[in-house]
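Visitor: The structure follows.
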Amino acid sequence: MTHCIRALCRVRAWLPIASLVTIAAVLAGILLAGCSNNPYPPGETARKVLYRAISDDPRTLDPSVSYTVSEGAIIDVIYPAYFRYHYLKRAPFVLELNLGAQQPVRTPCTFTEMRNGKRVVRRGELWTFRIRRGVRFQDDPCFPHGKGREVTAADIIYSFRRMADPSVPCPVRSFFQDKVVGMDEYVASNVRRMQRGQPADYHRPVQGLQLDPHDPYTFRILLNQPYPQLRYLMAMHFTTPQAHEAVEYYGAAGLARHPVGCGPFVLAEYKPRQRIVLRKNPSRYPEYYPTEGASGDREAGLLADAGRQLPLVDEVVYTYIREDITGWNLFLQGYQDSWGVTQTNYQQVMSRQGELSPEMRRRRIRMFRDVSPNIMYFAFNMRDPVFGGYTPQKRKLRQAISLAIDANAFIDLFSQGMGRPAQFLIPPGIFGYDPAYRNPYRQYNPQRAKQLLAEAGYPGGIDPKTGERLVLHYDNAATTAAGRQFVSLVQKQIEAIGIKVESRSYRDLVWQQRVDNGEFQFINYGWLADYPDPENFVFLLYGPNKRPGPNSAAYNSPEYNRLFEQMRAMDDGPQRLAIIKRMRDIAVEDCPWIFLQHDESLGLAYHWLHNIKPHPVANDSAKYLRVDPAERVRAQLAWNKPDFRPPIVLALFMLVTGVPAVRTVRRRRNRRIRVGNQEAR
């Protein structure tokens, strides 16, 4: 019995050491298990998932409201339109049927409408459309029993009615309002209802929006003028079918975060400022990868998936990445499938010979060029009391600032030399672009700028009324390091002629709201073509297109507006070109914009990402891309091998420092204390 007690005491004495060893081992195991730097849920990268990045939360995913490229990349694969652009064919761009069952039929016609209380006969144009059968909205709680119903022509007419609802800030309303017969009055009636505190009337008949009473898949649009661009607008998400059940169930605010469409993907997850996940729609209508393309596409491997049903990935994950350096590091680790060539990584990506660096080639990275019809520009608020207006002095003030901006410096510093200085709105590749034209106020000339500044009434940049230096408030969303460098160059160039530039930076959503509300003096902005027609660029300065339309400067020249209305209905030809040149001369002299550049971009993609061919106009590339997840995982494991040394060293450190401590505690517990004439433990 005595031996058993002694043995038990020895075991008890070593229990703290054994516990310490156990704790160290468990802690080491936890640390080893957590050594992976994979930012995604376990096993996700091994599935058919396409990884993309977003720099900020989408302002809205409502197809009637959204008007940005980044939002369009999400919306356009949830909300399909009547037409889509052929993924591979270019020059010219090819529209093909998407939801449409047949090409629309255009018929000249006459119609009657009320003018000043009298019926007037007018000539117009009737477009007849027919959508395919069997297309269904995605399953969603807004529908009875959560099952999506079939899409009909009424759902497209409903999208036009939402465009005409004044409470819906639709940026393309003006495209239709003055052309669809009766739509102007429909908008006006809804404005009156709003003034009385009533909602828009979605049941009032509109003469130009017609359903076929004998065929639920046919609808007609009656125009009061020829408008060939309507076919392009029918390829945009503004004209997608919309379910009234979704709008009524979620409301406009809810729909901005909960899209309900009939496209190849559905929104599966939305974590603000973290990530957005799109998942393959199980009730999608059948779409297939193109079986033919442009010259060289087959040799480039772009037809390897010809005829396969779309989409080719199961999910698309958009990760919130604010800083470019963070995204670049994720790309190098294999956790982003593609990335852009930017100021941050240009030196690492490119060799001195202008080719991919050896490091990029070793990783089997491919580079592709994206030449998009676009325009980057600075805009003045034409309603601003200091920098807006149409007097000769106001024009000279803006012209002076335009002459102070050196486009080549921006292209070299922020676009790695890729792009060309812009002389006007229309970019290369679009009818009306003139490579020989030189804008007299876009030739960098600080001395001439100072002269015009003096003629505008601000010699040396000083306001003679106050004796103070003229201040230009530059509103921007430059919250990143690269953005702040851009702002710094703007300030340096304009301040060189005597005007002080004060930067006011906001989060992107706040900045966008200020632009929409006209709460700015000076901004920089960009435009990427909605469709490949000059109208889609010159309309950026059309007066009725003021915010929430695309005319951010609120420029409003009666002569420019009249010429625009004349040219938009014309086919390309000498007469249309002459009108465009006259519009150019007017806008250049008024100088509401400083035309900066038409830029190009370089992109990078890993070898496991297939079918990359950037489209200058379409936003639905996600459904055509294919990934090889097994190859991606192999690369991720090779490039992100865990380093076990830190947790092992930590565990050993705990043992080395912990064992003496345990022994000290044991000695103190076992030491003898004399109590009177006896010893006690």
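Here's how to read the names in the structure tokens: chain A, B, ... by the order shown, residue numbers from 1 in each chain, ligand numbers from 1 in the order shown.
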Extract, using only C-alpha atoms, all DNA, RNA and protein residues at most 9 Å from region 437-443 of chain A, discarding same-chain residues fewer than 6 positions from it, and format them as number ranges by chain.

Guide: A: 399-407, 421-424, 449, 585, 588-589, 591, 594-596

Visitor: Using C-alpha atoms, can you export the residues from the last selection as a CSV table (one decimal), in the first residue's frame?

Guide:
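Output contents, as saved in out-v6.csv:
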```csv
chain,number,residue,atom,x,y,z
A,399,GLN,CA,-9.9,76.5,-71.7
A,400,ALA,CA,-7.0,77.8,-69.6
A,401,ILE,CA,-7.2,74.8,-67.3
A,402,SER,CA,-7.5,72.5,-70.2
A,403,LEU,CA,-4.2,73.8,-71.7
A,404,ALA,CA,-2.5,73.2,-68.3
A,405,ILE,CA,-3.3,69.5,-68.3
A,406,ASP,CA,-0.6,67.4,-70.0
A,407,ALA,CA,-2.3,64.1,-71.1
A,421,PRO,CA,-4.3,61.7,-75.8
A,422,ALA,CA,-7.9,62.4,-76.5
A,423,GLN,CA,-8.9,65.3,-78.7
A,424,PHE,CA,-12.6,64.7,-78.5
A,449,ALA,CA,-3.1,78.9,-70.4
A,585,ASP,CA,-16.4,72.3,-82.7
A,588,VAL,CA,-14.5,72.1,-77.9
A,589,GLU,CA,-15.1,75.8,-77.7
A,591,CYS,CA,-15.0,73.3,-73.0
A,594,ILE,CA,-11.0,68.3,-70.6
A,595,PHE,CA,-10.6,65.3,-72.9
A,596,LEU,CA,-7.8,63.3,-71.3
```

Visitor: Could you pull out the strand (DSSP E) residues of region 432-599 of chain A from DSSP and send them as a PyMOL selection string?

Guide: chain A and resi 462-463+468-469+471-476+500-505+522-528+593-599

Visitor: Write out the residues from the selection above, keeping N, CA and C atoms, as a PDB file, in the first residue's frame.

Guide:
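Result file is result_16.pdb:
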```
ATOM      1  N   ILE A 462      -5.377  85.206 -59.648  1.00  0.00           N
ATOM      2  CA  ILE A 462      -5.904  86.008 -58.543  1.00  0.00           C
ATOM      3  C   ILE A 462      -7.249  86.603 -58.936  1.00  0.00           C
ATOM      4  N   ASP A 463      -8.220  86.515 -58.032  1.00  0.00           N
ATOM      5  CA  ASP A 463      -9.514  87.141 -58.230  1.00  0.00           C
ATOM      6  C   ASP A 463      -9.396  88.609 -57.834  1.00  0.00           C
ATOM      7  N   GLU A 468      -7.850  87.335 -53.527  1.00  0.00           N
ATOM      8  CA  GLU A 468      -7.489  85.975 -53.145  1.00  0.00           C
ATOM      9  C   GLU A 468      -7.245  85.118 -54.387  1.00  0.00           C
ATOM     10  N   ARG A 469      -6.469  84.061 -54.183  1.00  0.00           N
ATOM     11  CA  ARG A 469      -6.204  83.139 -55.286  1.00  0.00           C
ATOM     12  C   ARG A 469      -7.459  82.326 -55.598  1.00  0.00           C
ATOM     13  N   VAL A 471      -9.710  79.290 -56.294  1.00  0.00           N
ATOM     14  CA  VAL A 471      -9.636  77.920 -55.787  1.00  0.00           C
ATOM     15  C   VAL A 471     -10.572  77.029 -56.606  1.00  0.00           C
ATOM     16  N   LEU A 472     -10.022  75.896 -57.052  1.00  0.00           N
ATOM     17  CA  LEU A 472     -10.809  74.881 -57.761  1.00  0.00           C
ATOM     18  C   LEU A 472     -10.933  73.658 -56.859  1.00  0.00           C
ATOM     19  N   HIS A 473     -12.144  73.292 -56.514  1.00  0.00           N
ATOM     20  CA  HIS A 473     -12.378  72.121 -55.671  1.00  0.00           C
ATOM     21  C   HIS A 473     -12.474  70.882 -56.559  1.00  0.00           C
ATOM     22  N   TYR A 474     -11.562  69.957 -56.326  1.00  0.00           N
ATOM     23  CA  TYR A 474     -11.474  68.741 -57.133  1.00  0.00           C
ATOM     24  C   TYR A 474     -12.025  67.577 -56.324  1.00  0.00           C
ATOM     25  N   ASP A 475     -13.240  67.132 -56.648  1.00  0.00           N
ATOM     26  CA  ASP A 475     -13.863  66.006 -55.958  1.00  0.00           C
ATOM     27  C   ASP A 475     -13.423  64.708 -56.612  1.00  0.00           C
ATOM     28  N   ASN A 476     -13.075  63.719 -55.789  1.00  0.00           N
ATOM     29  CA  ASN A 476     -12.552  62.470 -56.331  1.00  0.00           C
ATOM     30  C   ASN A 476     -12.800  61.331 -55.358  1.00  0.00           C
ATOM     31  N   LYS A 500      -5.282  77.521 -57.309  1.00  0.00           N
ATOM     32  CA  LYS A 500      -5.113  76.552 -56.222  1.00  0.00           C
ATOM     33  C   LYS A 500      -6.141  75.439 -56.369  1.00  0.00           C
ATOM     34  N   VAL A 501      -5.677  74.203 -56.218  1.00  0.00           N
ATOM     35  CA  VAL A 501      -6.563  73.046 -56.331  1.00  0.00           C
ATOM     36  C   VAL A 501      -6.693  72.386 -54.965  1.00  0.00           C
ATOM     37  N   GLU A 502      -7.909  72.320 -54.462  1.00  0.00           N
ATOM     38  CA  GLU A 502      -8.177  71.656 -53.185  1.00  0.00           C
ATOM     39  C   GLU A 502      -8.857  70.320 -53.470  1.00  0.00           C
ATOM     40  N   SER A 503      -8.237  69.241 -53.030  1.00  0.00           N
ATOM     41  CA  SER A 503      -8.778  67.903 -53.242  1.00  0.00           C
ATOM     42  C   SER A 503      -9.774  67.558 -52.149  1.00  0.00           C
ATOM     43  N   ARG A 504     -10.902  66.999 -52.565  1.00  0.00           N
ATOM     44  CA  ARG A 504     -11.908  66.500 -51.623  1.00  0.00           C
ATOM     45  C   ARG A 504     -12.178  65.047 -51.989  1.00  0.00           C
ATOM     46  N   SER A 505     -11.622  64.142 -51.176  1.00  0.00           N
ATOM     47  CA  SER A 505     -11.708  62.705 -51.467  1.00  0.00           C
ATOM     48  C   SER A 505     -12.813  62.054 -50.645  1.00  0.00           C
ATOM     49  N   PHE A 522     -15.324  70.064 -60.015  1.00  0.00           N
ATOM     50  CA  PHE A 522     -14.396  69.475 -60.981  1.00  0.00           C
ATOM     51  C   PHE A 522     -14.193  68.018 -60.608  1.00  0.00           C
ATOM     52  N   ILE A 523     -14.337  67.130 -61.568  1.00  0.00           N
ATOM     53  CA  ILE A 523     -14.159  65.705 -61.325  1.00  0.00           C
ATOM     54  C   ILE A 523     -13.400  65.092 -62.493  1.00  0.00           C
ATOM     55  N   ASN A 524     -12.883  63.893 -62.293  1.00  0.00           N
ATOM     56  CA  ASN A 524     -12.423  63.104 -63.436  1.00  0.00           C
ATOM     57  C   ASN A 524     -13.295  61.866 -63.528  1.00  0.00           C
ATOM     58  N   TYR A 525     -13.552  61.454 -64.756  1.00  0.00           N
ATOM     59  CA  TYR A 525     -14.529  60.390 -64.985  1.00  0.00           C
ATOM     60  C   TYR A 525     -14.125  59.633 -66.239  1.00  0.00           C
ATOM     61  N   GLY A 526     -14.837  58.565 -66.520  1.00  0.00           N
ATOM     62  CA  GLY A 526     -14.559  57.789 -67.719  1.00  0.00           C
ATOM     63  C   GLY A 526     -15.832  57.213 -68.294  1.00  0.00           C
ATOM     64  N   TRP A 527     -15.759  56.833 -69.548  1.00  0.00           N
ATOM     65  CA  TRP A 527     -16.928  56.258 -70.215  1.00  0.00           C
ATOM     66  C   TRP A 527     -16.466  55.136 -71.125  1.00  0.00           C
ATOM     67  N   LEU A 528     -17.097  53.994 -70.967  1.00  0.00           N
ATOM     68  CA  LEU A 528     -16.866  52.849 -71.834  1.00  0.00           C
ATOM     69  C   LEU A 528     -18.128  52.617 -72.638  1.00  0.00           C
ATOM     70  N   TRP A 593     -15.655  69.816 -70.813  1.00  0.00           N
ATOM     71  CA  TRP A 593     -14.763  68.709 -70.469  1.00  0.00           C
ATOM     72  C   TRP A 593     -13.330  69.064 -70.834  1.00  0.00           C
ATOM     73  N   ILE A 594     -12.408  68.385 -70.166  1.00  0.00           N
ATOM     74  CA  ILE A 594     -11.020  68.317 -70.604  1.00  0.00           C
ATOM     75  C   ILE A 594     -10.808  66.873 -71.044  1.00  0.00           C
ATOM     76  N   PHE A 595     -10.741  66.657 -72.347  1.00  0.00           N
ATOM     77  CA  PHE A 595     -10.576  65.306 -72.877  1.00  0.00           C
ATOM     78  C   PHE A 595      -9.161  64.832 -72.530  1.00  0.00           C
ATOM     79  N   LEU A 596      -9.058  63.713 -71.824  1.00  0.00           N
ATOM     80  CA  LEU A 596      -7.755  63.274 -71.343  1.00  0.00           C
ATOM     81  C   LEU A 596      -7.137  62.204 -72.229  1.00  0.00           C
ATOM     82  N   GLN A 597      -7.764  61.028 -72.298  1.00  0.00           N
ATOM     83  CA  GLN A 597      -7.130  59.955 -73.054  1.00  0.00           C
ATOM     84  C   GLN A 597      -8.127  58.871 -73.439  1.00  0.00           C
ATOM     85  N   HIS A 598      -7.768  58.144 -74.486  1.00  0.00           N
ATOM     86  CA  HIS A 598      -8.395  56.874 -74.833  1.00  0.00           C
ATOM     87  C   HIS A 598      -7.382  55.826 -74.417  1.00  0.00           C
ATOM     88  N   ASP A 599      -7.702  55.075 -73.393  1.00  0.00           N
ATOM     89  CA  ASP A 599      -6.663  54.201 -72.864  1.00  0.00           C
ATOM     90  C   ASP A 599      -6.814  52.754 -73.322  1.00  0.00           C
TER      91      ASP A 599
END
```

Visitor: Once DSSP has gone over the backbone, tell me which residues of region 116-313 of chain A are in alpha helix (DSSP H), as a ChimeraX atom specification.

Guide: /A:153-163,173-177,183-195,230-233,244-255

Visitor: Next, dump the selected residues to file, keeping only N, CA and C atoms, as a tab-separated table (two decimals), in the first residue's frame.

Guide:
```
chain	number	residue	atom	x	y	z
A	153	ALA	N	-43.62	38.46	-72.57
A	153	ALA	CA	-43.34	39.78	-73.12
A	153	ALA	C	-43.74	40.89	-72.15
A	154	ALA	N	-44.74	40.63	-71.31
A	154	ALA	CA	-45.18	41.64	-70.34
A	154	ALA	C	-44.06	42.02	-69.38
A	155	ASP	N	-43.13	41.10	-69.14
A	155	ASP	CA	-42.03	41.39	-68.21
A	155	ASP	C	-41.02	42.37	-68.82
A	156	ILE	N	-40.89	42.38	-70.14
A	156	ILE	CA	-40.03	43.37	-70.79
A	156	ILE	C	-40.74	44.72	-70.83
A	157	ILE	N	-42.02	44.72	-71.12
A	157	ILE	CA	-42.78	45.97	-71.07
A	157	ILE	C	-42.73	46.56	-69.66
A	158	TYR	N	-42.76	45.69	-68.66
A	158	TYR	CA	-42.68	46.16	-67.27
A	158	TYR	C	-41.35	46.87	-67.02
A	159	SER	N	-40.26	46.37	-67.62
A	159	SER	CA	-38.96	47.03	-67.44
A	159	SER	C	-38.97	48.43	-68.05
A	160	PHE	N	-39.69	48.62	-69.18
A	160	PHE	CA	-39.82	49.95	-69.76
A	160	PHE	C	-40.63	50.86	-68.84
A	161	ARG	N	-41.65	50.32	-68.19
A	161	ARG	CA	-42.44	51.12	-67.26
A	161	ARG	C	-41.61	51.54	-66.05
A	162	ARG	N	-40.73	50.67	-65.60
A	162	ARG	CA	-39.85	51.06	-64.48
A	162	ARG	C	-38.92	52.18	-64.91
A	163	MET	N	-38.46	52.14	-66.15
A	163	MET	CA	-37.61	53.23	-66.65
A	163	MET	C	-38.35	54.56	-66.59
A	173	ARG	N	-33.28	56.78	-69.17
A	173	ARG	CA	-34.68	57.15	-69.41
A	173	ARG	C	-34.80	58.08	-70.61
A	174	SER	N	-33.88	59.03	-70.72
A	174	SER	CA	-33.96	60.02	-71.80
A	174	SER	C	-33.76	59.38	-73.16
A	175	PHE	N	-33.12	58.20	-73.21
A	175	PHE	CA	-32.96	57.52	-74.49
A	175	PHE	C	-34.32	57.17	-75.10
A	176	PHE	N	-35.29	56.86	-74.23
A	176	PHE	CA	-36.59	56.37	-74.69
A	176	PHE	C	-37.69	57.42	-74.57
A	177	GLN	N	-37.56	58.30	-73.61
A	177	GLN	CA	-38.68	59.17	-73.25
A	177	GLN	C	-39.18	60.01	-74.41
A	183	MET	N	-44.57	57.95	-74.09
A	183	MET	CA	-43.78	57.75	-72.89
A	183	MET	C	-43.49	59.07	-72.17
A	184	ASP	N	-43.33	60.13	-72.95
A	184	ASP	CA	-43.09	61.44	-72.35
A	184	ASP	C	-44.25	61.84	-71.44
A	185	GLU	N	-45.47	61.66	-71.94
A	185	GLU	CA	-46.65	62.00	-71.14
A	185	GLU	C	-46.80	61.03	-69.97
A	186	TYR	N	-46.42	59.79	-70.17
A	186	TYR	CA	-46.49	58.80	-69.08
A	186	TYR	C	-45.57	59.21	-67.94
A	187	VAL	N	-44.37	59.66	-68.28
A	187	VAL	CA	-43.44	60.13	-67.25
A	187	VAL	C	-44.02	61.35	-66.54
A	188	ALA	N	-44.56	62.29	-67.32
A	188	ALA	CA	-45.12	63.50	-66.73
A	188	ALA	C	-46.28	63.18	-65.79
A	189	SER	N	-47.12	62.23	-66.17
A	189	SER	CA	-48.24	61.87	-65.30
A	189	SER	C	-47.75	61.25	-63.99
A	190	ASN	N	-46.68	60.48	-64.07
A	190	ASN	CA	-46.13	59.89	-62.85
A	190	ASN	C	-45.47	60.94	-61.97
A	191	VAL	N	-44.90	61.96	-62.58
A	191	VAL	CA	-44.35	63.06	-61.79
A	191	VAL	C	-45.47	63.75	-61.02
A	192	ARG	N	-46.58	63.98	-61.68
A	192	ARG	CA	-47.72	64.61	-61.00
A	192	ARG	C	-48.23	63.73	-59.87
A	193	ARG	N	-48.25	62.43	-60.07
A	193	ARG	CA	-48.69	61.52	-59.01
A	193	ARG	C	-47.73	61.59	-57.82
A	194	MET	N	-46.43	61.65	-58.10
A	194	MET	CA	-45.46	61.75	-57.01
A	194	MET	C	-45.65	63.03	-56.23
A	195	GLN	N	-45.97	64.12	-56.92
A	195	GLN	CA	-46.20	65.40	-56.24
A	195	GLN	C	-47.41	65.34	-55.32
A	230	LEU	N	-31.94	51.41	-81.22
A	230	LEU	CA	-32.80	50.64	-80.33
A	230	LEU	C	-32.32	49.20	-80.21
A	231	ARG	N	-31.79	48.65	-81.29
A	231	ARG	CA	-31.32	47.26	-81.23
A	231	ARG	C	-30.16	47.13	-80.25
A	232	TYR	N	-29.32	48.16	-80.14
A	232	TYR	CA	-28.24	48.11	-79.15
A	232	TYR	C	-28.79	48.20	-77.73
A	233	LEU	N	-29.80	49.04	-77.55
A	233	LEU	CA	-30.39	49.19	-76.22
A	233	LEU	C	-31.09	47.91	-75.78
A	244	HIS	N	-42.49	41.69	-61.77
A	244	HIS	CA	-43.15	42.65	-60.87
A	244	HIS	C	-43.24	42.09	-59.46
A	245	GLU	N	-43.31	40.76	-59.34
A	245	GLU	CA	-43.36	40.15	-58.00
A	245	GLU	C	-42.11	40.51	-57.19
A	246	ALA	N	-40.95	40.52	-57.85
A	246	ALA	CA	-39.70	40.83	-57.14
A	246	ALA	C	-39.67	42.29	-56.70
A	247	VAL	N	-40.10	43.19	-57.59
A	247	VAL	CA	-40.11	44.62	-57.26
A	247	VAL	C	-41.08	44.88	-56.11
A	248	GLU	N	-42.24	44.27	-56.15
A	248	GLU	CA	-43.24	44.49	-55.11
A	248	GLU	C	-42.84	43.83	-53.79
A	249	TYR	N	-42.14	42.71	-53.87
A	249	TYR	CA	-41.77	41.96	-52.67
A	249	TYR	C	-40.59	42.62	-51.95
A	250	TYR	N	-39.59	43.02	-52.71
A	250	TYR	CA	-38.36	43.56	-52.09
A	250	TYR	C	-38.31	45.08	-52.07
A	251	GLY	N	-39.09	45.73	-52.93
A	251	GLY	CA	-38.99	47.17	-53.04
A	251	GLY	C	-37.71	47.57	-53.76
A	252	ALA	N	-37.62	48.84	-54.12
A	252	ALA	CA	-36.45	49.31	-54.87
A	252	ALA	C	-35.17	49.13	-54.07
A	253	ALA	N	-35.22	49.43	-52.78
A	253	ALA	CA	-34.02	49.32	-51.95
A	253	ALA	C	-33.58	47.86	-51.82
A	254	GLY	N	-34.55	46.96	-51.62
A	254	GLY	CA	-34.20	45.54	-51.49
A	254	GLY	C	-33.69	44.95	-52.78
A	255	LEU	N	-34.27	45.38	-53.92
A	255	LEU	CA	-33.85	44.87	-55.21
A	255	LEU	C	-32.41	45.25	-55.52
```

Visitor: Can you pull out the residues contacting region 275-286 of chain A? Cut-off 6 Å, using only C-alpha atoms, and skip same-chain residues under 3 positions away; I want them as a PyMOL selection string.

Guide: chain A and resi 135+263-271+314-320

Visitor: Deliver the residues from the most recent selection as a file, using C-alpha atoms, as a PDB file, in the first residue's frame.

Guide:
```
ATOM      1  CA  VAL A 135     -37.448  30.970 -70.140  1.00  0.00           C
ATOM      2  CA  GLY A 263     -29.903  34.458 -66.541  1.00  0.00           C
ATOM      3  CA  PRO A 264     -27.140  31.868 -66.212  1.00  0.00           C
ATOM      4  CA  PHE A 265     -26.243  32.881 -62.640  1.00  0.00           C
ATOM      5  CA  VAL A 266     -28.047  33.813 -59.446  1.00  0.00           C
ATOM      6  CA  LEU A 267     -26.765  35.786 -56.486  1.00  0.00           C
ATOM      7  CA  ALA A 268     -25.906  33.197 -53.830  1.00  0.00           C
ATOM      8  CA  GLU A 269     -23.995  35.259 -51.257  1.00  0.00           C
ATOM      9  CA  TYR A 270     -23.534  38.942 -50.517  1.00  0.00           C
ATOM     10  CA  LYS A 271     -21.235  39.975 -47.685  1.00  0.00           C
ATOM     11  CA  ASP A 314     -20.219  26.646 -61.266  1.00  0.00           C
ATOM     12  CA  GLU A 315     -19.556  29.828 -59.296  1.00  0.00           C
ATOM     13  CA  VAL A 316     -18.041  33.280 -59.657  1.00  0.00           C
ATOM     14  CA  VAL A 317     -16.527  34.735 -56.490  1.00  0.00           C
ATOM     15  CA  TYR A 318     -15.931  38.491 -56.326  1.00  0.00           C
ATOM     16  CA  THR A 319     -13.557  39.362 -53.496  1.00  0.00           C
ATOM     17  CA  TYR A 320     -13.444  42.870 -52.055  1.00  0.00           C
TER      18      TYR A 320
END
```

Visitor: Restricting the calculation to only C-alpha atoms, which member of A:Glu600, A:Ala478, A:Gln225, A:Pro532 is positioned closest to Met567 (chain A)?

Guide: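 Ranking A:Glu600, A:Ala478, A:Gln225, A:Pro532 by distance to Met567 (chain A), first place goes to A:Gln225.
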
Visitor: Near Asp370 (chain A), within 12 Å and counting only C-alpha atoms, which residues show up once chain neighbours fewer than 4 positions away are dropped, as a JSON list (two decimals) with N, CA and C atoms, in the first residue's frame?

Guide:
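selection.json, freshly written:
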```json
[["chain", "number", "residue", "atom", "x", "y", "z"],
["A", 340, "GLY", "N", -4.74, 42.84, -63.53],
["A", 340, "GLY", "CA", -4.33, 43.83, -64.50],
["A", 340, "GLY", "C", -2.88, 44.25, -64.33],
["A", 341, "VAL", "N", -2.32, 44.80, -65.39],
["A", 341, "VAL", "CA", -0.98, 45.40, -65.31],
["A", 341, "VAL", "C", -1.19, 46.85, -64.92],
["A", 374, "ASN", "N", -13.31, 53.87, -75.39],
["A", 374, "ASN", "CA", -13.54, 54.58, -74.15],
["A", 374, "ASN", "C", -13.01, 56.00, -74.23],
["A", 418, "MET", "N", 0.45, 53.31, -72.17],
["A", 418, "MET", "CA", -0.54, 52.69, -73.05],
["A", 418, "MET", "C", -1.77, 53.60, -73.16],
["A", 419, "GLY", "N", -2.04, 54.05, -74.36],
["A", 419, "GLY", "CA", -3.16, 54.94, -74.60],
["A", 419, "GLY", "C", -2.72, 56.07, -75.51],
["A", 598, "HIS", "N", -7.77, 58.14, -74.49],
["A", 598, "HIS", "CA", -8.40, 56.87, -74.83],
["A", 598, "HIS", "C", -7.38, 55.83, -74.42],
["A", 599, "ASP", "N", -7.70, 55.08, -73.39],
["A", 599, "ASP", "CA", -6.66, 54.20, -72.86],
["A", 599, "ASP", "C", -6.81, 52.75, -73.32],
["A", 600, "GLU", "N", -5.71, 52.07, -73.24],
["A", 600, "GLU", "CA", -5.63, 50.64, -73.48],
["A", 600, "GLU", "C", -5.14, 50.01, -72.17],
["A", 601, "SER", "N", -5.32, 48.73, -72.06],
["A", 601, "SER", "CA", -4.89, 48.08, -70.83],
["A", 601, "SER", "C", -4.31, 46.71, -71.14],
["A", 602, "LEU", "N", -3.45, 46.27, -70.25],
["A", 602, "LEU", "CA", -2.89, 44.93, -70.33],
["A", 602, "LEU", "C", -3.42, 44.10, -69.18],
["A", 603, "GLY", "N", -3.76, 42.87, -69.45],
["A", 603, "GLY", "CA", -4.24, 41.96, -68.42],
["A", 603, "GLY", "C", -3.38, 40.72, -68.34],
["A", 604, "LEU", "N", -3.41, 40.07, -67.19],
["A", 604, "LEU", "CA", -2.65, 38.85, -66.96],
["A", 604, "LEU", "C", -3.61, 37.74, -66.54],
["A", 612, "ILE", "N", -10.14, 33.48, -72.67],
["A", 612, "ILE", "CA", -10.07, 34.92, -72.41],
["A", 612, "ILE", "C", -9.95, 35.67, -73.73],
["A", 613, "LYS", "N", -10.92, 36.53, -73.98],
["A", 613, "LYS", "CA", -10.87, 37.47, -75.09],
["A", 613, "LYS", "C", -11.71, 38.68, -74.69],
["A", 614, "PRO", "N", -11.06, 39.70, -74.11],
["A", 614, "PRO", "CA", -11.81, 40.85, -73.60],
["A", 614, "PRO", "C", -12.71, 41.46, -74.66],
["A", 615, "HIS", "N", -13.94, 41.71, -74.29],
["A", 615, "HIS", "CA", -14.90, 42.32, -75.22],
["A", 615, "HIS", "C", -15.01, 43.80, -74.89],
["A", 616, "PRO", "N", -14.90, 44.66, -75.88],
["A", 616, "PRO", "CA", -14.93, 46.10, -75.61],
["A", 616, "PRO", "C", -16.26, 46.62, -75.10],
["A", 617, "VAL", "N", -17.35, 45.89, -75.32],
["A", 617, "VAL", "CA", -18.66, 46.40, -74.97],
["A", 617, "VAL", "C", -19.41, 45.49, -74.00]]
```

Visitor: Need to verify the contact set: Phe539 (chain A), 12 Å, only C-alpha atoms, exclusion of same-chain residues closer than 2 positions in sequence. Can you return it as a PyMOL selection string?

Guide: chain A and resi 172+174-175+425-426+527+529-530+533-537+541-546+549-557+560-568+580+583-584+587

Visitor: For region 56-65 of chain A, please output as a compact mmCIF listing (two decimals) with C-alpha atoms, in the first residue's frame all residues within 9 Å (counting only C-alpha atoms; exclusion window: fewer than 3 positions along the same chain).

Guide:
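Output file around32.txt follows:
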```
# COMPACT_ATOMS: atom_id res chain seq x y z
CA THR A 68 -21.13 51.09 -64.14
CA SER A 70 -18.12 46.72 -62.45
CA GLU A 71 -21.80 46.38 -61.57
CA GLY A 72 -22.61 45.35 -65.14
CA ILE A 74 -22.48 41.03 -62.14
CA ILE A 75 -25.87 42.19 -63.37
CA ASP A 76 -25.52 41.10 -66.98
CA TYR A 79 -30.42 39.72 -66.06
CA SER A 159 -38.96 47.03 -67.44
CA PHE A 160 -39.82 49.95 -69.76
CA ARG A 162 -39.85 51.06 -64.48
CA MET A 163 -37.61 53.23 -66.65
CA VAL A 168 -36.44 55.02 -60.20
CA PRO A 169 -33.23 56.91 -61.14
CA CYS A 170 -32.84 55.23 -64.51
CA PRO A 171 -29.84 56.74 -66.34
CA VAL A 172 -31.15 55.83 -69.83
CA MET A 236 -28.51 46.19 -72.28
CA HIS A 237 -29.74 45.14 -68.86
CA PHE A 238 -32.14 48.11 -68.68
CA THR A 239 -34.44 46.25 -71.09
CA THR A 240 -34.14 42.84 -69.42
CA GLN A 242 -38.20 42.10 -64.73
CA ALA A 252 -36.45 49.31 -54.87
CA ALA A 253 -34.02 49.32 -51.95
CA LEU A 255 -33.85 44.87 -55.21
CA ALA A 256 -30.54 46.76 -55.16
CA ARG A 257 -29.10 43.93 -53.06
CA HIS A 258 -31.32 41.03 -54.11
CA PRO A 259 -31.51 40.66 -57.90
CA PRO A 272 -20.74 43.75 -47.86
CA ARG A 273 -17.10 44.77 -48.20
CA GLN A 274 -16.08 41.11 -48.21
CA ARG A 275 -17.33 39.06 -51.15
CA TYR A 320 -13.44 42.87 -52.05
CA ILE A 321 -9.88 44.09 -52.63
CA ARG A 322 -9.33 47.78 -52.01
CA ARG A 507 -15.44 56.75 -50.63
CA ASP A 508 -16.54 55.67 -54.08
CA LEU A 509 -20.24 55.39 -53.23
CA GLN A 512 -20.77 58.84 -56.97
```
